[in-house]
file input-v9.csv (CSV, C-alpha atoms)
chain,number,residue,atom,x,y,z
S,1,GLY,CA,-137.8,171.9,13.9
S,2,HIS,CA,-135.1,170.7,11.5
S,3,LYS,CA,-132.9,173.2,9.6
S,4,GLY,CA,-132.3,170.9,6.6
S,5,ALA,CA,-134.2,168.5,4.3
S,6,VAL,CA,-136.1,165.7,6.0
S,7,TRP,CA,-135.0,162.4,4.4
S,8,SER,CA,-137.0,160.0,6.4
S,9,CYS,CA,-140.1,160.1,8.6
S,10,LYS,CA,-141.6,157.1,10.6
S,11,LEU,CA,-144.3,156.5,13.1
S,12,ASP,CA,-143.7,154.0,15.9
S,13,PRO,CA,-146.0,150.9,15.9
S,14,LEU,CA,-148.4,152.5,18.3
S,15,GLY,CA,-148.7,155.7,16.4
S,16,LEU,CA,-147.7,157.8,19.4
S,17,LEU,CA,-144.1,158.7,18.4
S,18,ALA,CA,-142.7,160.1,15.1
S,19,GLY,CA,-139.0,160.0,14.1
S,20,THR,CA,-137.4,162.2,11.5
S,21,ALA,CA,-133.9,162.0,9.9
S,22,SER,CA,-132.5,165.2,8.4
S,23,GLY,CA,-129.8,166.8,6.3
S,24,ASP,CA,-129.1,169.0,9.4
S,25,PHE,CA,-127.1,166.1,10.9
S,26,SER,CA,-129.8,165.3,13.4
S,27,VAL,CA,-132.6,162.9,14.2
S,28,ARG,CA,-135.7,164.1,16.2
S,29,VAL,CA,-138.3,162.1,18.1
S,30,TRP,CA,-141.6,163.8,18.3
S,31,ASP,CA,-144.9,163.4,20.2
S,32,ALA,CA,-147.1,162.3,17.3
S,33,ILE,CA,-150.2,163.6,19.1
S,34,THR,CA,-149.0,167.1,20.2
S,35,GLY,CA,-146.2,167.7,17.8
S,36,ALA,CA,-143.8,168.5,20.6
S,37,THR,CA,-140.1,167.5,20.2
S,38,LEU,CA,-139.1,164.9,22.8
S,39,PHE,CA,-135.5,164.1,21.9
S,40,THR,CA,-132.8,165.3,19.5
S,41,PHE,CA,-129.9,163.1,18.6
S,42,GLN,CA,-127.0,164.8,16.9
S,43,HIS,CA,-125.0,163.0,14.2
S,44,LYS,CA,-121.8,164.0,12.3
S,45,HIS,CA,-123.2,163.9,8.8
S,46,ILE,CA,-126.5,163.8,6.8
S,47,VAL,CA,-129.0,161.2,8.2
S,48,LYS,CA,-131.0,159.4,5.6
S,49,THR,CA,-133.1,156.8,7.6
S,50,VAL,CA,-134.8,156.2,10.9
S,51,ASP,CA,-137.0,153.3,12.2
S,52,PHE,CA,-138.6,152.3,15.5
S,53,SER,CA,-138.2,148.9,17.1
S,54,LYS,CA,-141.3,146.7,17.3
S,55,ASP,CA,-141.8,147.6,21.0
S,56,SER,CA,-141.1,151.4,20.4
S,57,LYS,CA,-138.3,151.3,22.9
S,58,ARG,CA,-135.4,151.7,20.5
S,59,LEU,CA,-134.6,153.8,17.4
S,60,ALA,CA,-132.2,152.8,14.5
S,61,THR,CA,-130.6,155.5,12.4
S,62,GLY,CA,-128.2,155.7,9.5
S,63,GLY,CA,-126.8,158.0,6.8
S,64,HIS,CA,-123.7,159.3,5.2
S,65,GLU,CA,-121.4,158.4,8.1
S,66,GLY,CA,-121.9,154.7,7.3
S,67,ILE,CA,-122.7,154.0,11.0
S,68,LEU,CA,-125.8,152.2,12.1
S,69,ARG,CA,-126.8,153.8,15.4
S,70,VAL,CA,-129.3,152.2,17.9
S,71,TYR,CA,-130.7,154.5,20.6
S,72,ASP,CA,-132.4,153.4,23.8
S,73,LEU,CA,-135.5,155.7,24.0
S,74,GLN,CA,-135.9,154.8,27.7
S,75,GLN,CA,-132.4,156.2,28.3
S,76,PRO,CA,-132.1,159.0,25.7
S,77,ASN,CA,-129.0,160.5,27.3
S,78,LYS,CA,-127.1,157.2,27.0
S,79,ASP,CA,-124.6,156.9,24.1
S,80,PRO,CA,-126.1,154.8,21.2
S,81,MET,CA,-124.8,151.5,20.0
S,82,MET,CA,-122.7,152.3,16.9
S,83,ILE,CA,-122.1,149.7,14.2
S,84,PRO,CA,-119.8,150.7,11.2
S,85,GLN,CA,-120.9,149.0,8.0
S,86,SER,CA,-117.3,148.4,6.9
S,87,THR,CA,-113.8,148.8,8.3
S,88,GLU,CA,-112.3,149.1,4.8
S,89,LYS,CA,-114.4,151.9,3.2
S,90,LYS,CA,-117.2,154.3,4.1
S,91,ILE,CA,-120.6,153.0,3.0
S,92,HIS,CA,-123.6,155.3,3.1
S,93,ILE,CA,-126.6,153.8,4.8
S,94,THR,CA,-129.7,154.6,2.7
S,95,LYS,CA,-132.4,152.7,4.6
S,96,SER,CA,-132.9,150.8,7.9
S,97,LEU,CA,-135.6,148.5,9.1
S,98,TRP,CA,-136.2,146.4,12.2
S,99,LEU,CA,-136.9,142.8,11.3
S,100,ASP,CA,-137.6,141.6,14.8
S,101,LYS,CA,-136.8,142.7,18.4
S,102,SER,CA,-133.1,142.3,18.0
S,103,THR,CA,-132.4,142.4,14.2
S,104,VAL,CA,-131.9,145.6,12.2
S,105,LEU,CA,-131.5,145.7,8.4
S,106,ALA,CA,-129.2,148.4,7.0
S,107,ALA,CA,-129.1,149.0,3.3
S,108,GLY,CA,-126.1,150.5,1.7
S,109,SER,CA,-124.7,152.5,-1.2
S,110,ASP,CA,-122.7,149.4,-2.1
S,111,GLY,CA,-125.8,147.4,-2.9
S,112,ALA,CA,-125.8,145.3,0.2
S,113,VAL,CA,-128.5,144.8,2.8
S,114,ARG,CA,-126.9,143.8,6.0
S,115,PHE,CA,-128.7,142.0,8.9
S,116,TRP,CA,-127.3,143.0,12.3
S,117,ASP,CA,-128.0,141.4,15.6
S,118,VAL,CA,-128.0,144.5,17.8
S,119,ASP,CA,-128.3,142.5,21.0
S,120,ALA,CA,-125.1,140.6,20.4
S,121,PRO,CA,-122.6,140.8,23.4
S,122,ASP,CA,-119.9,142.3,21.3
S,123,GLY,CA,-122.1,145.3,20.3
S,124,GLY,CA,-123.5,144.2,16.9
S,125,LYS,CA,-123.0,141.0,15.0
S,126,LEU,CA,-123.4,140.7,11.2
S,127,LEU,CA,-125.8,137.7,10.6
S,128,ARG,CA,-126.1,137.7,6.8
S,129,THR,CA,-126.2,139.9,3.7
S,130,PHE,CA,-128.4,140.2,0.7
S,131,THR,CA,-126.8,141.8,-2.4
S,132,VAL,CA,-128.3,143.7,-5.3
S,133,GLY,CA,-126.8,145.4,-8.3
S,134,ALA,CA,-126.7,149.0,-7.3
S,135,GLU,CA,-127.2,151.4,-4.4
S,136,VAL,CA,-130.4,150.6,-2.4
S,137,ARG,CA,-133.0,153.3,-2.8
S,138,ASP,CA,-135.8,151.7,-1.0
S,139,MET,CA,-136.7,148.5,1.0
S,140,GLU,CA,-139.8,147.2,2.6
S,141,LEU,CA,-140.6,144.2,4.8
S,142,LYS,CA,-144.0,142.5,4.5
S,143,ASN,CA,-145.5,139.4,6.0
S,144,VAL,CA,-147.5,137.6,3.2
S,145,PRO,CA,-150.0,134.8,4.0
S,146,ASN,CA,-148.6,131.4,3.1
S,147,ARG,CA,-145.3,132.9,1.9
S,148,GLY,CA,-143.7,134.4,5.1
S,149,THR,CA,-141.7,137.5,5.3
S,150,ILE,CA,-140.7,139.1,2.0
S,151,LEU,CA,-138.1,141.9,1.6
S,152,THR,CA,-138.7,144.1,-1.4
S,153,VAL,CA,-135.8,146.2,-2.6
S,154,ALA,CA,-135.6,148.9,-5.2
S,155,SER,CA,-132.2,149.4,-6.7
S,156,GLY,CA,-130.8,150.6,-10.0
S,157,ASP,CA,-133.4,149.7,-12.6
S,158,LYS,CA,-134.7,146.6,-10.8
S,159,VAL,CA,-137.0,145.4,-8.0
S,160,TYR,CA,-135.8,142.4,-6.0
S,161,CYS,CA,-137.9,140.3,-3.7
S,162,PHE,CA,-136.2,138.1,-1.1
S,163,ASP,CA,-137.6,135.4,1.0
S,164,VAL,CA,-136.3,136.3,4.4
S,165,ASP,CA,-137.2,133.1,6.1
S,166,LYS,CA,-135.6,130.9,3.5
S,167,ASN,CA,-132.7,133.4,2.9
S,168,GLU,CA,-133.0,133.4,-0.8
S,169,LEU,CA,-133.9,135.6,-3.8
S,170,MET,CA,-137.4,135.0,-5.1
S,171,LYS,CA,-137.7,137.5,-7.9
S,172,GLU,CA,-135.6,140.0,-9.8
S,173,HIS,CA,-137.5,142.2,-12.3
S,174,LYS,CA,-136.0,144.8,-14.6
S,175,LEU,CA,-138.3,147.9,-14.9
S,176,PRO,CA,-138.8,150.7,-17.4
S,177,ILE,CA,-137.7,153.2,-14.8
S,178,HIS,CA,-134.7,153.6,-12.5
S,179,PHE,CA,-134.1,154.3,-8.8
S,180,ARG,CA,-130.7,156.0,-9.1
S,181,GLU,CA,-131.9,159.2,-7.5
S,182,GLU,CA,-135.4,158.7,-6.1
S,183,GLY,CA,-138.3,156.3,-6.0
S,184,GLY,CA,-139.2,153.0,-4.5
S,185,ALA,CA,-141.5,149.9,-4.5
S,186,SER,CA,-144.1,148.3,-2.3
S,187,LEU,CA,-145.5,144.8,-2.4
S,188,HIS,CA,-149.3,144.3,-2.2
S,189,PRO,CA,-150.3,142.5,1.0
S,190,SER,CA,-151.5,139.5,-1.1
S,191,GLY,CA,-148.0,139.1,-2.6
S,192,THR,CA,-149.4,139.0,-6.1
S,193,LYS,CA,-148.3,142.4,-7.4
S,194,PHE,CA,-146.2,145.4,-6.5
S,195,ILE,CA,-146.1,149.2,-7.2
S,196,ALA,CA,-143.1,151.1,-8.3
S,197,GLY,CA,-142.2,154.7,-9.1
S,198,GLY,CA,-139.0,156.6,-9.7
S,199,SER,CA,-137.3,158.5,-12.5
S,200,ASP,CA,-140.5,159.4,-14.5
S,201,LEU,CA,-143.9,160.9,-13.5
S,202,TRP,CA,-145.9,157.7,-13.7
S,203,VAL,CA,-146.9,155.1,-11.0
S,204,ARG,CA,-147.0,151.6,-12.3
S,205,VAL,CA,-148.4,148.3,-11.0
S,206,PHE,CA,-146.5,145.1,-11.9
S,207,ASP,CA,-147.3,141.4,-11.6
S,208,PHE,CA,-145.2,139.7,-8.9
S,209,GLU,CA,-144.5,136.5,-10.8
S,210,SER,CA,-143.7,137.8,-14.3
S,211,GLY,CA,-142.8,141.4,-13.6
S,212,GLY,CA,-145.2,142.4,-16.4
S,213,GLU,CA,-146.8,145.8,-16.2
S,214,ILE,CA,-150.5,145.6,-15.2
S,215,GLU,CA,-151.4,149.3,-14.8
S,216,CYS,CA,-149.8,152.7,-15.4
S,217,HIS,CA,-151.2,155.8,-13.7
S,218,LYS,CA,-150.5,159.5,-14.6
S,219,GLY,CA,-151.1,162.4,-12.3
S,220,HIS,CA,-147.9,163.5,-10.7
S,221,HIS,CA,-145.9,166.4,-12.3
S,222,GLY,CA,-142.5,165.4,-10.8
S,223,PRO,CA,-140.5,162.2,-10.2
S,224,VAL,CA,-142.0,159.8,-7.6
S,225,ARG,CA,-140.1,159.8,-4.3
S,226,CYS,CA,-141.9,157.2,-2.2
S,227,LEU,CA,-145.0,154.9,-2.3
S,228,ARG,CA,-146.6,152.4,-0.1
S,229,TYR,CA,-149.7,150.2,0.0
S,230,ALA,CA,-152.2,150.5,2.8
S,231,PRO,CA,-152.3,147.5,5.2
S,232,ASP,CA,-155.5,146.2,3.6
S,233,GLY,CA,-154.2,146.7,0.1
S,234,LYS,CA,-157.3,148.6,-1.1
S,235,THR,CA,-155.4,151.9,-1.6
S,236,TYR,CA,-151.8,153.1,-2.0
S,237,ALA,CA,-150.1,156.4,-1.5
S,238,THR,CA,-147.4,158.1,-3.6
S,239,GLY,CA,-145.3,161.2,-2.8
S,240,SER,CA,-143.7,163.2,-5.5
S,241,GLU,CA,-141.2,166.1,-6.1
S,242,ASP,CA,-144.3,168.0,-7.3
S,243,GLY,CA,-145.1,168.7,-3.7
S,244,THR,CA,-148.2,166.4,-3.6
S,245,ILE,CA,-149.2,163.1,-2.0
S,246,ARG,CA,-151.8,161.2,-4.0
S,247,LEU,CA,-154.0,158.3,-2.8
S,248,TRP,CA,-154.9,155.7,-5.4
S,249,LYS,CA,-157.7,153.1,-5.3
S,250,THR,CA,-156.9,149.5,-6.2
S,251,ASP,CA,-158.8,146.2,-6.1
S,252,VAL,CA,-162.1,148.0,-6.8

call {"tool": "encode", "arguments": {"input": "input-v9.csv", "output": "structure tokens"}}
result
Amino acid sequence: GHKGAVWSCKLDPLGLLAGTASGDFSVRVWDAITGATLFTFQHKHIVKTVDFSKDSKRLATGGHEGILRVYDLQQPNKDPMMIPQSTEKKIHITKSLWLDKSTVLAAGSDGAVRFWDVDAPDGGKLLRTFTVGAEVRDMELKNVPNRGTILTVASGDKVYCFDVDKNELMKEHKLPIHFREEGGASLHPSGTKFIAGGSDLWVRVFDFESGGEIECHKGHHGPVRCLRYAPDGKTYATGSEDGTIRLWKTDV
């Protein structure tokens, strides 16, 4: 396996493949059923993020090199597409997400979320950019009924929600925690509330419209690293530096 910290782990949409990004300067693709390593992709610096395309045929990676790489998993020995985030300065990529079959979002240490067309003839075209106030610690895409696609971003001491279809900022909420070193946020499938955790030991639920705190849950003994709602919204999971993953009930 890896010889360094694993910073990102994702399943493909079918649940048959797993991808991991590591501090050992590599990305691995695994058979999610048997646990066998299928491919290893070497990088030149720490890799912080990995994500599968919607059809499971491609893999996007990013990290401290500041280069968004897109691998063709059907031709794993082929050189990846490489898209530098800036020609003027190095920008660490903290998160990456596929929006659709040809668009990849790359979030950076400069507080920008860049939308890249990875099928453009010139090898990657910048389509648009969302900007927040600090390094992006977490981002999540969610299709919400009657609202479309919402991008939730955790950065600094705020959570931002963008309407991807209308290309505009919907909400910007300042929270009683910060995301400078860890943490994240996740929007409920209904779009009415979101969860967040970061610099302290608590997991909080906030109202989407007002940003007001609805619930505060204690249980972890270390800062919260990651959290996500289940697809049906009835539970959510949180992972902490205390070495545990906790499952919480909601809407009961």

call {"tool": "closest_atom_pairs", "arguments": {"input": "input-v9.csv", "of": "region 135-206 of chain S", "to": "region 73-96 of chain S", "cutoff": "10 Å", "atoms": "only C-alpha atoms", "output": "JSON lines"}}
result
{"residue": "S:Glu135", "atom": "CA", "partner": "S:Thr94", "partner_atom": "CA", "distance": 8.2}
{"residue": "S:Val136", "atom": "CA", "partner": "S:Thr94", "partner_atom": "CA", "distance": 6.5}
{"residue": "S:Arg137", "atom": "CA", "partner": "S:Thr94", "partner_atom": "CA", "distance": 6.5}
{"residue": "S:Asp138", "atom": "CA", "partner": "S:Lys95", "partner_atom": "CA", "distance": 6.6}
{"residue": "S:Met139", "atom": "CA", "partner": "S:Lys95", "partner_atom": "CA", "distance": 7.0}
{"residue": "S:Glu140", "atom": "CA", "partner": "S:Ser96", "partner_atom": "CA", "distance": 9.4}

call {"tool": "atom_distance", "arguments": {"input": "input-v9.csv", "atom1": "CA of Trp7 (chain S)", "atom2": "CA of Lys101 (chain S)"}}
result
24.2 Å

call {"tool": "residues_around", "arguments": {"input": "input-v9.csv", "residues": "region 32-36 of chain S", "least_positions_apart": "4", "cutoff": "8 Å", "atoms": "only C-alpha atoms", "output": "PyMOL selection string"}}
result
chain S and resi 11+15-18

call {"tool": "closest_atom_pairs", "arguments": {"input": "input-v9.csv", "of": "region 25-121 of chain S", "to": "region 151-158 of chain S", "cutoff": "10 Å", "atoms": "all atoms listed in the file", "output": "Markdown table"}}
result
| residue | atom | partner | partner_atom | distance |
| --- | --- | --- | --- | --- |
| S:Leu99 | CA | S:Leu151 | CA | 9.8 |
| S:Ala107 | CA | S:Val153 | CA | 9.4 |
| S:Ser109 | CA | S:Ser155 | CA | 9.8 |
| S:Gly111 | CA | S:Ser155 | CA | 7.7 |
| S:Val113 | CA | S:Val153 | CA | 9.2 |

call {"tool": "atom_distance", "arguments": {"input": "input-v9.csv", "atom1": "CA of Lys218 (chain S)", "atom2": "CA of Thr49 (chain S)"}}
result
28.3 Å

call {"tool": "build_atoms", "arguments": {"input": "input-v9.csv", "residues": "region 30-45 of chain S", "atoms": "N, CA, C and O atoms", "output": "JSON list (two decimals), in the frame of the given file"}}
result
[["chain", "number", "residue", "atom", "x", "y", "z"],
["S", 30, "TRP", "N", -140.56, 162.89, 18.03],
["S", 30, "TRP", "CA", -141.60, 163.80, 18.30],
["S", 30, "TRP", "C", -142.81, 163.09, 18.98],
["S", 30, "TRP", "O", -143.02, 161.89, 18.75],
["S", 31, "ASP", "N", -143.57, 163.82, 19.77],
["S", 31, "ASP", "CA", -144.90, 163.40, 20.20],
["S", 31, "ASP", "C", -145.82, 163.47, 19.05],
["S", 31, "ASP", "O", -146.11, 164.57, 18.59],
["S", 32, "ALA", "N", -146.27, 162.33, 18.52],
["S", 32, "ALA", "CA", -147.10, 162.30, 17.30],
["S", 32, "ALA", "C", -148.47, 162.93, 17.53],
["S", 32, "ALA", "O", -149.17, 163.25, 16.56],
["S", 33, "ILE", "N", -148.88, 163.08, 18.78],
["S", 33, "ILE", "CA", -150.20, 163.60, 19.10],
["S", 33, "ILE", "C", -150.13, 165.16, 19.20],
["S", 33, "ILE", "O", -150.92, 165.89, 18.58],
["S", 34, "THR", "N", -149.14, 165.67, 19.94],
["S", 34, "THR", "CA", -149.00, 167.10, 20.20],
["S", 34, "THR", "C", -148.09, 167.82, 19.23],
["S", 34, "THR", "O", -148.16, 169.04, 19.07],
["S", 35, "GLY", "N", -147.16, 167.06, 18.63],
["S", 35, "GLY", "CA", -146.20, 167.70, 17.80],
["S", 35, "GLY", "C", -144.95, 168.20, 18.49],
["S", 35, "GLY", "O", -144.06, 168.79, 17.88],
["S", 36, "ALA", "N", -144.88, 167.98, 19.79],
["S", 36, "ALA", "CA", -143.80, 168.50, 20.60],
["S", 36, "ALA", "C", -142.51, 167.62, 20.34],
["S", 36, "ALA", "O", -142.60, 166.40, 20.16],
["S", 37, "THR", "N", -141.33, 168.27, 20.32],
["S", 37, "THR", "CA", -140.10, 167.50, 20.20],
["S", 37, "THR", "C", -139.73, 166.91, 21.55],
["S", 37, "THR", "O", -139.68, 167.59, 22.58],
["S", 38, "LEU", "N", -139.48, 165.60, 21.56],
["S", 38, "LEU", "CA", -139.10, 164.90, 22.80],
["S", 38, "LEU", "C", -137.62, 164.73, 22.93],
["S", 38, "LEU", "O", -137.07, 164.99, 23.99],
["S", 39, "PHE", "N", -136.95, 164.29, 21.85],
["S", 39, "PHE", "CA", -135.50, 164.10, 21.90],
["S", 39, "PHE", "C", -134.89, 164.56, 20.57],
["S", 39, "PHE", "O", -135.52, 164.49, 19.52],
["S", 40, "THR", "N", -133.64, 165.02, 20.66],
["S", 40, "THR", "CA", -132.80, 165.30, 19.50],
["S", 40, "THR", "C", -131.52, 164.61, 19.59],
["S", 40, "THR", "O", -130.82, 164.75, 20.60],
["S", 41, "PHE", "N", -131.19, 163.83, 18.58],
["S", 41, "PHE", "CA", -129.90, 163.10, 18.60],
["S", 41, "PHE", "C", -129.04, 163.62, 17.47],
["S", 41, "PHE", "O", -129.37, 163.53, 16.27],
["S", 42, "GLN", "N", -127.90, 164.17, 17.85],
["S", 42, "GLN", "CA", -127.00, 164.80, 16.90],
["S", 42, "GLN", "C", -126.12, 163.69, 16.23],
["S", 42, "GLN", "O", -125.70, 162.73, 16.87],
["S", 43, "HIS", "N", -125.87, 163.86, 14.93],
["S", 43, "HIS", "CA", -125.00, 163.00, 14.20],
["S", 43, "HIS", "C", -123.86, 163.87, 13.57],
["S", 43, "HIS", "O", -123.86, 165.10, 13.76],
["S", 44, "LYS", "N", -122.94, 163.24, 12.85],
["S", 44, "LYS", "CA", -121.80, 164.00, 12.30],
["S", 44, "LYS", "C", -121.92, 164.17, 10.78],
["S", 44, "LYS", "O", -121.00, 164.71, 10.16],
["S", 45, "HIS", "N", -123.04, 163.71, 10.20],
["S", 45, "HIS", "CA", -123.20, 163.90, 8.80],
["S", 45, "HIS", "C", -124.74, 163.76, 8.49],
["S", 45, "HIS", "O", -125.54, 163.56, 9.41]]
